[in-house]
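The structure appears right after this line, and notes come after that.
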Amino acid sequence: MAGTFDVAVVGGGPGGYVAALRAAQLGAVTAIIEKDRFGGTCLVRGCIPTKALLQSSELYTLAKGGAPFGVVAGNLSFDWPAAQKRKSAVVDQLVKGVEGLLKAGGVTMVSGAAKLLGGGAIEVAGERLQAKNILIATGSAVSRIPLQGAELTIDSDAILELKEIPKRLAVIGGGVVGMEFAAMFAALGSKVTVLEMLPQILPMVEADLVNAYAKHLSGQGAVIHTNSKVAEVARVGGGLQVRFSTGAEGGAVDADQVLLAVGRSPYTEGLGAEAAGVKLDRGRVVVDDHLRTSAQGVWAIGDVIGGIMLAHVASYEGVCAVENMAGHERIPDYHAAPNCVYTDPEIAHVGLGEKEAKDRGLEVKVGRFPFVAAGRALTLGQTEGFVKVVADAASGRMLGVHIIGPRATDLIAEATLAVQNGLTLEQLDLTMHAHPTLPEAIMEAALAAQGRAIHIPNRRAAAASGGANAPSPGSA
Ligand SMILES: Cc1cc2nc3c(=O)[nH]c(=O)nc-3n(C[C@H](O)[C@H](O)[C@H](O)COP(=O)(O)OP(=O)(O)OC[C@H]3O[C@@H](n4cnc5c(N)ncnc54)[C@H](O)[C@@H]3O)c2cc1C
């Protein structure tokens, strides 16, 4: 395995493997080193397994509500081991796919934990390789907090491997990871309680979307405690108890499993980064605007540099970094980084929120369109939620789009294209949208921002409150 490379990538997650493939496309002799499975957190214990299981819980929910559609499933039940088996098959197929792509791309795959030795040298499993450029893409690991009884909790890695659905699940942390598991297990019949220290769950999402979602989750029997600080987890009888305080009030939740989902931290264990001259700041690899670290010829991307810790951001940065190595000028631009939450209904947003824009002193126009007025949503039987478009008042340039509703995580792609390229409301509404489709709701929200919505009275469109499912005057 010892050898000399133009580029050596440490870490085979969505940041590292995409960077390695792009480096090879650019003609670099490239190696990628991975100590676990290629695909990283995202493929093995993050994005993909969660979405595979969420697909199972969504199908179950749809089947339970099938009667009005003419689908009657007698004796419907949920087979958790079967869902787990399918999840693992999806992961295995994707991991194999990544390995196949790396092989086909001519990238040398090395198994083992990499240690930086300085001067472009890397040690892996007792062997040494040399590279002109090294890319650190070692990702992140589950964050721990000093909590009494923390050893009784499970993390996002462990919950993916549960042998059975917990009857009662307490989730500490109402961020994206916590809420996706809360949504999944609430749909599967667990009695879910979410404990969040901040005033709202999903703190990066606009409050009106969160309120609409919280209402839905509560309708499934889940309980959400915000402004609540967990004091300890204790064993009580055959189960667990989470003790917390909300202001001056104390509270306790009984549970069979407690998920601790309080975020992720950059991971550099055993990498020897600092000894090799790579500056860290509270565990995070420090990079400049070109993704260079403080050590000559060493670059870093993805979760390990902090910032927006998402798979597509890691991949995007990976491409930027190797293109910079090749002499291109790629400074990452994050203003249109989409953010998705795979709850039911889904939530997705891109760009500035209404409040964020106003806080920056911008004058904005806002347009809303409820899915209940979209014909496609009615045919799907999924009418909860709305699209909200935020645009610059003077120029009409789209600053942000916020969606809660069916397939929000797919719908955000059109909005991302618009925000990334500074399209105006008019450019969006002049683009023909196929009928009946969900993206029509984005077009209608853009029209609503200009007082010209077609399928909702504009008086109501302008005033529509976030979560309102206004009755349709005549669906699109
Ligand atoms: C439950 C969960 C759900 C998520 N869902 C989503 C989602 O839906 N969408 C989304 O965008 N993001 C999601 N994420 C976040 C996403 O997984 C990460 O942002 C993404 O994986 C980061 O990519 P990366 O390449 O930076 O690091 P990682 O994917 O963490 O990959 C780093 C790799 O480096 C390897 N490594 C570390 N140190 C060494 C070493 N010294 N030598 C060799 N190899 C090493 C690790 O084994 C690992 O495979 C989710 C995360 C979790 C936990």
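Identifiers in the structure tokens: chain A, B, ... in order shown; residue index from 1 per chain; ligand index from 1 in order shown.
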Find the residues near stretch 8-11 of chain A: any atom within 7 Å, counting only C-alpha atoms, skip ones fewer than 5 places away on the same chain, and give them as a short mmCIF file (atom, residue, chain, number, x, y, z; two decimals) with N, CA and C atoms, in the first residue's frame.
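Below is the file that was written, result-v7.cif:
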data_model
loop_
_atom_site.label_atom_id
_atom_site.label_comp_id
_atom_site.auth_asym_id
_atom_site.auth_seq_id
_atom_site.Cartn_x
_atom_site.Cartn_y
_atom_site.Cartn_z
N GLY A 16 -15.26 13.08 2.06
CA GLY A 16 -14.02 12.48 1.58
C GLY A 16 -14.16 11.73 0.26
N ALA A 20 -12.41 12.66 -3.28
CA ALA A 20 -11.46 11.74 -3.92
C ALA A 20 -11.85 11.51 -5.38
N THR A 30 -4.76 9.62 -6.68
CA THR A 30 -5.48 9.84 -5.42
C THR A 30 -5.62 8.58 -4.59
N ALA A 31 -5.46 8.76 -3.27
CA ALA A 31 -5.73 7.66 -2.32
C ALA A 31 -6.78 8.15 -1.33
N ILE A 32 -7.58 7.20 -0.83
CA ILE A 32 -8.53 7.52 0.24
C ILE A 32 -8.38 6.49 1.35
N ILE A 33 -8.31 7.00 2.57
CA ILE A 33 -8.07 6.12 3.72
C ILE A 33 -9.30 6.13 4.62
N GLU A 34 -9.80 4.95 4.96
CA GLU A 34 -11.00 4.86 5.81
C GLU A 34 -10.78 3.78 6.86
N ALA A 114 -5.70 6.54 9.82
CA ALA A 114 -4.57 7.34 9.34
C ALA A 114 -4.03 8.24 10.45
N ALA A 131 2.02 12.22 0.31
CA ALA A 131 1.11 12.93 -0.60
C ALA A 131 1.48 14.40 -0.70
N ASN A 133 -0.74 16.71 -1.39
CA ASN A 133 -1.84 17.36 -0.67
C ASN A 133 -2.60 16.33 0.15
N ILE A 134 -2.91 16.71 1.39
CA ILE A 134 -3.71 15.83 2.26
C ILE A 134 -5.02 16.53 2.56
N LEU A 135 -6.13 15.79 2.46
CA LEU A 135 -7.43 16.36 2.79
C LEU A 135 -7.99 15.65 4.03
N ILE A 136 -8.17 16.39 5.10
CA ILE A 136 -8.75 15.81 6.32
C ILE A 136 -10.27 15.86 6.19
N ALA A 137 -10.89 14.68 6.22
CA ALA A 137 -12.36 14.59 6.10
C ALA A 137 -12.85 13.55 7.11
N THR A 138 -12.40 13.73 8.36
CA THR A 138 -12.64 12.69 9.38
C THR A 138 -13.98 12.85 10.10
#
Write out as a list in words each polymer residue whose atoms come within 7 Å of stretch 421-423 of chain A, counting only C-alpha atoms; drop sequence neighbours fewer than 3 positions from it.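 Here the qualifying residues turn out to be Arg397, Met398, Leu417, Ala418, Gln427 and Leu428 of chain A.
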Write the residues of the selection above to a file with N, CA and C atoms, as a PDB file, in the first residue's frame.
ATOM      1  N   ARG A 397     -35.957  39.954  -5.332  1.00  0.00           N
ATOM      2  CA  ARG A 397     -34.984  38.840  -5.303  1.00  0.00           C
ATOM      3  C   ARG A 397     -35.334  37.880  -4.170  1.00  0.00           C
ATOM      4  N   MET A 398     -35.354  36.593  -4.470  1.00  0.00           N
ATOM      5  CA  MET A 398     -35.746  35.615  -3.449  1.00  0.00           C
ATOM      6  C   MET A 398     -34.604  35.395  -2.459  1.00  0.00           C
ATOM      7  N   LEU A 417     -32.278  26.445  -6.092  1.00  0.00           N
ATOM      8  CA  LEU A 417     -31.810  26.984  -7.379  1.00  0.00           C
ATOM      9  C   LEU A 417     -32.137  28.472  -7.467  1.00  0.00           C
ATOM     10  N   ALA A 418     -33.347  28.831  -7.016  1.00  0.00           N
ATOM     11  CA  ALA A 418     -33.778  30.231  -7.090  1.00  0.00           C
ATOM     12  C   ALA A 418     -32.945  31.108  -6.161  1.00  0.00           C
ATOM     13  N   GLN A 427     -39.429  35.931 -11.848  1.00  0.00           N
ATOM     14  CA  GLN A 427     -38.780  34.895 -12.667  1.00  0.00           C
ATOM     15  C   GLN A 427     -39.310  33.519 -12.275  1.00  0.00           C
ATOM     16  N   LEU A 428     -39.567  33.348 -10.977  1.00  0.00           N
ATOM     17  CA  LEU A 428     -40.085  32.051 -10.551  1.00  0.00           C
ATOM     18  C   LEU A 428     -41.518  31.850 -11.047  1.00  0.00           C
TER      19      LEU A 428
END
Would you pick out the contacts of stretch 73-82 of chain A at 12 Å or less, using only C-alpha atoms, so that residues sharing its chain but fewer than 6 positions from it are not included, and give the list as a list in words? Ala52, Leu53, Leu54, Ser56, Ser57, Glu58, Leu59, Tyr60, Thr61, Leu62, Ala63, Lys64, Gly65, Gly66, Ala67, Ser88, Ala89, Leu160, Glu161, Leu162, Lys163, Glu164, Ile165, Pro166, Met184, Phe185, Ala187, Leu188 and Gly189 of chain A
Restrict the selected residues to N, CA, C and O atoms and save them as a compact mmCIF listing (two decimals), in the first residue's frame.
# COMPACT_ATOMS: atom_id res chain seq x y z
N ALA A 52 -34.19 5.29 5.52
CA ALA A 52 -34.75 3.98 5.16
C ALA A 52 -35.80 3.57 6.20
O ALA A 52 -36.89 3.11 5.85
N LEU A 53 -35.50 3.76 7.48
CA LEU A 53 -36.46 3.40 8.53
C LEU A 53 -37.67 4.34 8.51
O LEU A 53 -38.81 3.92 8.72
N LEU A 54 -37.41 5.63 8.24
CA LEU A 54 -38.52 6.59 8.18
C LEU A 54 -39.47 6.24 7.03
O LEU A 54 -40.68 6.46 7.12
N SER A 56 -40.19 3.23 6.18
CA SER A 56 -41.04 2.17 6.73
C SER A 56 -42.14 2.76 7.60
O SER A 56 -43.31 2.37 7.49
N SER A 57 -41.79 3.72 8.46
CA SER A 57 -42.82 4.29 9.35
C SER A 57 -43.83 5.10 8.54
O SER A 57 -45.03 5.11 8.84
N GLU A 58 -43.38 5.73 7.45
CA GLU A 58 -44.32 6.50 6.62
C GLU A 58 -45.31 5.56 5.92
O GLU A 58 -46.51 5.81 5.88
N LEU A 59 -44.78 4.45 5.40
CA LEU A 59 -45.65 3.48 4.73
C LEU A 59 -46.70 2.93 5.69
O LEU A 59 -47.86 2.74 5.34
N TYR A 60 -46.25 2.69 6.92
CA TYR A 60 -47.16 2.17 7.95
C TYR A 60 -48.28 3.18 8.23
O TYR A 60 -49.46 2.83 8.28
N THR A 61 -47.89 4.46 8.36
CA THR A 61 -48.87 5.51 8.60
C THR A 61 -49.85 5.60 7.43
O THR A 61 -51.07 5.69 7.62
N LEU A 62 -49.31 5.53 6.21
CA LEU A 62 -50.18 5.62 5.03
C LEU A 62 -51.14 4.43 4.99
O LEU A 62 -52.33 4.60 4.71
N ALA A 63 -50.61 3.25 5.31
CA ALA A 63 -51.47 2.05 5.27
C ALA A 63 -52.58 2.14 6.32
O ALA A 63 -53.72 1.76 6.06
N LYS A 64 -52.23 2.68 7.49
CA LYS A 64 -53.24 2.81 8.55
C LYS A 64 -54.38 3.74 8.12
O LYS A 64 -55.53 3.56 8.50
N GLY A 65 -54.00 4.75 7.34
CA GLY A 65 -55.01 5.72 6.88
C GLY A 65 -55.50 5.38 5.48
O GLY A 65 -55.98 6.26 4.76
N GLY A 66 -55.36 4.14 5.09
CA GLY A 66 -55.64 3.75 3.69
C GLY A 66 -57.11 3.66 3.31
O GLY A 66 -57.44 3.76 2.13
N ALA A 67 -58.00 3.46 4.30
CA ALA A 67 -59.40 3.17 3.98
C ALA A 67 -60.05 4.19 3.04
O ALA A 67 -60.67 3.79 2.05
N SER A 88 -30.59 -2.20 6.50
CA SER A 88 -29.20 -2.66 6.35
C SER A 88 -28.88 -2.98 4.90
O SER A 88 -27.77 -2.72 4.43
N ALA A 89 -29.86 -3.52 4.17
CA ALA A 89 -29.63 -3.85 2.76
C ALA A 89 -29.39 -2.57 1.95
O ALA A 89 -28.53 -2.53 1.06
N LEU A 160 -30.39 3.08 16.17
CA LEU A 160 -30.59 2.46 14.84
C LEU A 160 -30.51 0.95 14.91
O LEU A 160 -30.91 0.26 13.97
N GLU A 161 -29.96 0.43 16.00
CA GLU A 161 -29.78 -1.02 16.11
C GLU A 161 -30.72 -1.64 17.14
O GLU A 161 -30.56 -2.81 17.49
N LEU A 162 -31.70 -0.88 17.63
CA LEU A 162 -32.62 -1.43 18.65
C LEU A 162 -33.28 -2.71 18.14
O LEU A 162 -33.64 -2.82 16.97
N LYS A 163 -33.45 -3.64 19.06
CA LYS A 163 -34.05 -4.93 18.66
C LYS A 163 -35.57 -4.85 18.65
O LYS A 163 -36.25 -5.67 18.05
N GLU A 164 -36.12 -3.88 19.41
CA GLU A 164 -37.57 -3.72 19.39
C GLU A 164 -37.96 -2.26 19.53
O GLU A 164 -37.15 -1.43 19.97
N ILE A 165 -39.20 -1.97 19.18
CA ILE A 165 -39.69 -0.59 19.27
C ILE A 165 -39.99 -0.30 20.74
O ILE A 165 -40.76 -1.03 21.37
N PRO A 166 -39.38 0.75 21.31
CA PRO A 166 -39.66 1.04 22.73
C PRO A 166 -41.10 1.50 22.92
O PRO A 166 -41.61 2.28 22.11
N MET A 184 -40.27 9.17 13.89
CA MET A 184 -40.31 7.76 13.47
C MET A 184 -41.02 6.90 14.52
O MET A 184 -41.95 6.15 14.22
N PHE A 185 -40.59 7.05 15.78
CA PHE A 185 -41.13 6.16 16.81
C PHE A 185 -42.55 6.56 17.21
O PHE A 185 -43.35 5.69 17.57
N ALA A 187 -44.74 7.57 15.08
CA ALA A 187 -45.55 6.94 14.02
C ALA A 187 -45.67 5.44 14.24
O ALA A 187 -46.66 4.83 13.82
N LEU A 188 -44.67 4.86 14.89
CA LEU A 188 -44.70 3.40 15.11
C LEU A 188 -45.39 3.04 16.42
O LEU A 188 -45.38 1.87 16.83
N GLY A 189 -45.94 4.03 17.10
CA GLY A 189 -46.75 3.74 18.29
C GLY A 189 -46.07 3.96 19.62
O GLY A 189 -46.69 3.73 20.66
Close residues, A:Thr246 itself excluded, 12 Å, only C-alpha atoms, min 2 positions apart in chain, as a list in words: Leu195, Glu196, Met197, Leu198, Pro199, Ile224, His225, Thr226, Asn227, Ser228, Lys229, Val230, Ala231, Arg243, Phe244, Ala248, Glu249, Gly250, Gly251 and Ala252 of chain A
Any chance you can output those residues with C-alpha atoms as a short mmCIF file (atom, residue, chain, number, x, y, z; two decimals), in the first residue's frame?
data_model
loop_
_atom_site.label_atom_id
_atom_site.label_comp_id
_atom_site.auth_asym_id
_atom_site.auth_seq_id
_atom_site.Cartn_x
_atom_site.Cartn_y
_atom_site.Cartn_z
CA LEU A 195 -37.06 17.48 26.19
CA GLU A 196 -35.45 20.57 24.72
CA MET A 197 -33.47 23.16 26.65
CA LEU A 198 -34.17 26.01 24.20
CA PRO A 199 -37.52 27.81 23.81
CA ILE A 224 -42.81 18.28 23.91
CA HIS A 225 -41.21 20.10 26.84
CA THR A 226 -39.26 23.20 25.75
CA ASN A 227 -37.20 25.43 28.07
CA SER A 228 -36.52 22.20 29.93
CA LYS A 229 -33.17 21.23 31.36
CA VAL A 230 -32.51 17.56 32.05
CA ALA A 231 -30.96 16.97 35.47
CA ARG A 243 -35.78 14.12 35.64
CA PHE A 244 -35.87 17.68 34.40
CA ALA A 248 -38.80 26.59 38.69
CA GLU A 249 -40.97 23.51 38.06
CA GLY A 250 -39.57 20.01 38.30
CA GLY A 251 -40.75 17.16 36.11
CA ALA A 252 -40.12 13.49 35.39
#
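Going from atom CA of A:Pro49 to atom CA of A:Val210 covers 24.4 Å.
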With distances taken over only C-alpha atoms and all ligand atoms, the candidate from A:Gly149, A:Gly277, A:Gly175, A:Gly27 nearest ligand 1 is A:Gly175
Go through stretch 28-154 of chain A and collect every residue that DSSP, computed from the backbone, puts in strand (DSSP E or B); the answer should be as an MDAnalysis selection string. chainID A and resid 30:34 108:111 114:118 121:124 127:136 140:142 148 154
Surrounding residues of stretch 283-293 of chain A excluding itself and chain neighbours under 4 positions, 7 Å, only C-alpha atoms, as a tab-separated table (two decimals) with N, CA, C and O atoms, in the first residue's frame:
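The result, stored in around_15.tsv:
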chain	number	residue	atom	x	y	z
A	266	PRO	N	-16.76	17.64	16.06
A	266	PRO	CA	-15.71	17.28	15.10
A	266	PRO	C	-14.83	16.17	15.67
A	266	PRO	O	-14.56	16.14	16.88
A	278	VAL	N	-1.42	21.12	12.35
A	278	VAL	CA	-2.79	21.52	12.00
A	278	VAL	C	-3.46	22.11	13.23
A	278	VAL	O	-3.63	21.43	14.25
A	279	LYS	N	-3.84	23.38	13.13
A	279	LYS	CA	-4.41	24.07	14.27
A	279	LYS	C	-5.86	23.62	14.50
A	279	LYS	O	-6.65	23.53	13.55
A	298	VAL	N	-2.05	20.80	3.69
A	298	VAL	CA	-3.11	20.04	4.38
A	298	VAL	C	-4.39	20.86	4.37
A	298	VAL	O	-4.39	22.04	4.74
A	299	TRP	N	-5.44	20.25	3.92
A	299	TRP	CA	-6.74	20.91	3.75
A	299	TRP	C	-7.77	20.16	4.60
A	299	TRP	O	-7.51	19.02	5.01
A	300	ALA	N	-8.91	20.76	4.86
A	300	ALA	CA	-9.93	20.04	5.63
A	300	ALA	C	-11.33	20.48	5.21
A	300	ALA	O	-11.54	21.63	4.81
A	301	ILE	N	-12.26	19.55	5.32
A	301	ILE	CA	-13.65	19.79	4.89
A	301	ILE	C	-14.63	18.99	5.76
A	301	ILE	O	-14.23	18.07	6.48
A	304	VAL	N	-15.71	17.88	10.26
A	304	VAL	CA	-14.54	18.11	11.11
A	304	VAL	C	-14.15	19.60	11.18
A	304	VAL	O	-13.44	20.00	12.10
A	305	ILE	N	-14.65	20.40	10.23
A	305	ILE	CA	-14.34	21.84	10.32
A	305	ILE	C	-15.50	22.61	10.98
A	305	ILE	O	-15.48	23.84	11.06
A	306	GLY	N	-16.53	21.89	11.43
A	306	GLY	CA	-17.67	22.56	12.07
A	306	GLY	C	-18.54	23.23	11.02
A	306	GLY	O	-18.67	22.73	9.90
A	321	ALA	N	-12.36	22.01	-2.19
A	321	ALA	CA	-10.97	21.84	-1.71
A	321	ALA	C	-10.08	21.24	-2.78
A	321	ALA	O	-8.98	21.75	-3.03
A	324	ASN	N	-9.42	23.63	-5.52
A	324	ASN	CA	-8.40	24.61	-5.08
A	324	ASN	C	-7.00	24.02	-5.17
A	324	ASN	O	-6.05	24.69	-5.59
A	330	ARG	N	-11.88	28.31	-5.73
A	330	ARG	CA	-13.22	27.93	-5.25
A	330	ARG	C	-13.37	28.33	-3.78
A	330	ARG	O	-12.82	27.67	-2.89
A	331	ILE	N	-14.07	29.41	-3.55
A	331	ILE	CA	-14.36	29.81	-2.17
A	331	ILE	C	-15.78	29.38	-1.86
A	331	ILE	O	-16.72	29.81	-2.55
Test item: residues at most 10 Å from A:Cys340, only C-alpha atoms, excluding those fewer than 3 positions along its chain, as a PyMOL selection string: chain A and resi 176+205+310+343+346-350+403-404+408-410+412
Given the selection you just returned, output its residues as a file containing C-alpha atoms, formatted as a compact mmCIF listing (two decimals), in the first residue's frame.
# COMPACT_ATOMS: atom_id res chain seq x y z
CA VAL A 176 -32.92 17.48 13.68
CA VAL A 205 -36.33 26.43 11.63
CA LEU A 310 -24.57 18.21 6.70
CA THR A 343 -40.33 14.41 10.00
CA GLU A 346 -41.36 17.11 6.25
CA ILE A 347 -39.67 20.47 6.80
CA ALA A 348 -37.10 22.11 4.54
CA HIS A 349 -35.67 25.56 4.20
CA VAL A 350 -33.03 27.48 2.31
CA ILE A 403 -41.62 24.63 3.50
CA ILE A 404 -43.52 22.31 5.79
CA ALA A 408 -40.78 19.37 1.39
CA THR A 409 -37.30 17.86 1.26
CA ASP A 410 -37.62 17.35 -2.52
CA ILE A 412 -36.57 22.61 -1.62
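Take atom CA of A:Ala19 and atom 46 (C, counted along the ligand's line) of ligand 1: the distance between them is 14.6 Å.
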Report, in Å with one decimal, the straight-line distance from atom CA of A:Val177 to atom CA of A:Val262.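 For atom CA of A:Val177 relative to atom CA of A:Val262, the distance reads 8.7 Å.
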A:Met309 environment, 10 Å, only C-alpha atoms, sequence neighbours closer than 3 positions dropped, as a PyMOL selection string: chain A and resi 139-140+263-266+302-306+312-314
Could those selected residues go to a file with N, CA, C and O atoms, as a PDB file, in the first residue's frame?
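Saved as selection30.pdb:
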ATOM      1  N   GLY A 139     -14.769  13.843   9.713  1.00  0.00           N
ATOM      2  CA  GLY A 139     -16.157  13.885  10.171  1.00  0.00           C
ATOM      3  C   GLY A 139     -16.357  14.247  11.625  1.00  0.00           C
ATOM      4  O   GLY A 139     -15.626  15.065  12.208  1.00  0.00           O
ATOM      5  N   SER A 140     -17.358  13.613  12.221  1.00  0.00           N
ATOM      6  CA  SER A 140     -17.761  13.976  13.583  1.00  0.00           C
ATOM      7  C   SER A 140     -18.201  12.728  14.335  1.00  0.00           C
ATOM      8  O   SER A 140     -18.362  11.657  13.750  1.00  0.00           O
ATOM      9  N   GLY A 263     -26.317  16.691  19.718  1.00  0.00           N
ATOM     10  CA  GLY A 263     -25.414  17.224  18.707  1.00  0.00           C
ATOM     11  C   GLY A 263     -24.205  16.342  18.430  1.00  0.00           C
ATOM     12  O   GLY A 263     -24.061  15.255  18.996  1.00  0.00           O
ATOM     13  N   ARG A 264     -23.366  16.823  17.527  1.00  0.00           N
ATOM     14  CA  ARG A 264     -22.175  16.076  17.143  1.00  0.00           C
ATOM     15  C   ARG A 264     -20.955  16.991  17.235  1.00  0.00           C
ATOM     16  O   ARG A 264     -21.068  18.204  17.096  1.00  0.00           O
ATOM     17  N   SER A 265     -19.806  16.380  17.487  1.00  0.00           N
ATOM     18  CA  SER A 265     -18.568  17.157  17.630  1.00  0.00           C
ATOM     19  C   SER A 265     -17.552  16.699  16.588  1.00  0.00           C
ATOM     20  O   SER A 265     -17.474  15.499  16.285  1.00  0.00           O
ATOM     21  N   PRO A 266     -16.760  17.641  16.065  1.00  0.00           N
ATOM     22  CA  PRO A 266     -15.713  17.276  15.100  1.00  0.00           C
ATOM     23  C   PRO A 266     -14.827  16.165  15.668  1.00  0.00           C
ATOM     24  O   PRO A 266     -14.557  16.141  16.877  1.00  0.00           O
ATOM     25  N   GLY A 302     -15.898  19.315   5.616  1.00  0.00           N
ATOM     26  CA  GLY A 302     -16.954  18.495   6.219  1.00  0.00           C
ATOM     27  C   GLY A 302     -17.159  18.767   7.693  1.00  0.00           C
ATOM     28  O   GLY A 302     -16.778  19.820   8.224  1.00  0.00           O
ATOM     29  N   ASP A 303     -17.754  17.796   8.376  1.00  0.00           N
ATOM     30  CA  ASP A 303     -18.108  17.972   9.788  1.00  0.00           C
ATOM     31  C   ASP A 303     -16.905  18.343  10.650  1.00  0.00           C
ATOM     32  O   ASP A 303     -17.048  19.023  11.666  1.00  0.00           O
ATOM     33  N   VAL A 304     -15.713  17.883  10.261  1.00  0.00           N
ATOM     34  CA  VAL A 304     -14.539  18.110  11.113  1.00  0.00           C
ATOM     35  C   VAL A 304     -14.150  19.597  11.182  1.00  0.00           C
ATOM     36  O   VAL A 304     -13.444  20.002  12.097  1.00  0.00           O
ATOM     37  N   ILE A 305     -14.651  20.404  10.228  1.00  0.00           N
ATOM     38  CA  ILE A 305     -14.344  21.845  10.324  1.00  0.00           C
ATOM     39  C   ILE A 305     -15.498  22.609  10.981  1.00  0.00           C
ATOM     40  O   ILE A 305     -15.475  23.843  11.057  1.00  0.00           O
ATOM     41  N   GLY A 306     -16.527  21.891  11.428  1.00  0.00           N
ATOM     42  CA  GLY A 306     -17.670  22.563  12.067  1.00  0.00           C
ATOM     43  C   GLY A 306     -18.540  23.229  11.016  1.00  0.00           C
ATOM     44  O   GLY A 306     -18.669  22.731   9.904  1.00  0.00           O
ATOM     45  N   HIS A 312     -24.424  17.080   2.324  1.00  0.00           N
ATOM     46  CA  HIS A 312     -24.237  17.773   1.038  1.00  0.00           C
ATOM     47  C   HIS A 312     -23.273  18.948   1.177  1.00  0.00           C
ATOM     48  O   HIS A 312     -22.604  19.313   0.204  1.00  0.00           O
ATOM     49  N   VAL A 313     -23.181  19.518   2.372  1.00  0.00           N
ATOM     50  CA  VAL A 313     -22.208  20.602   2.589  1.00  0.00           C
ATOM     51  C   VAL A 313     -20.793  20.003   2.561  1.00  0.00           C
ATOM     52  O   VAL A 313     -19.877  20.564   1.954  1.00  0.00           O
ATOM     53  N   ALA A 314     -20.635  18.836   3.198  1.00  0.00           N
ATOM     54  CA  ALA A 314     -19.324  18.158   3.191  1.00  0.00           C
ATOM     55  C   ALA A 314     -18.893  17.833   1.759  1.00  0.00           C
ATOM     56  O   ALA A 314     -17.738  18.070   1.370  1.00  0.00           O
TER      57      ALA A 314
END
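Comparing A:Thr431, A:Asn458, A:Asn339, A:Gln382 by their smallest distance to A:Val401, the closest is A:Asn339 (using only C-alpha atoms).
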Which of stretch 166-367 of chain A end up as alpha helix (DSSP H) when DSSP is run on this backbone - answer as a ChimeraX atom specification? /A:176-187,207-219,311-325,354-359
Measuring between only C-alpha atoms and all ligand atoms, which one of A:Arg144, A:Lys87, A:Lys51, A:Arg407 shows the shortest distance to ligand 1? A:Lys51
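Each of A:Glu329, A:Glu317, A:Glu274, A:Asp281 was checked against ligand 1 using only C-alpha atoms and all ligand atoms; the smallest atom-to-atom distance is that of A:Glu317.
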Distance criterion (only C-alpha atoms): nearest to A:Tyr267 out of A:Thr383, A:Tyr213, A:Ile201, A:Thr41: A:Thr41
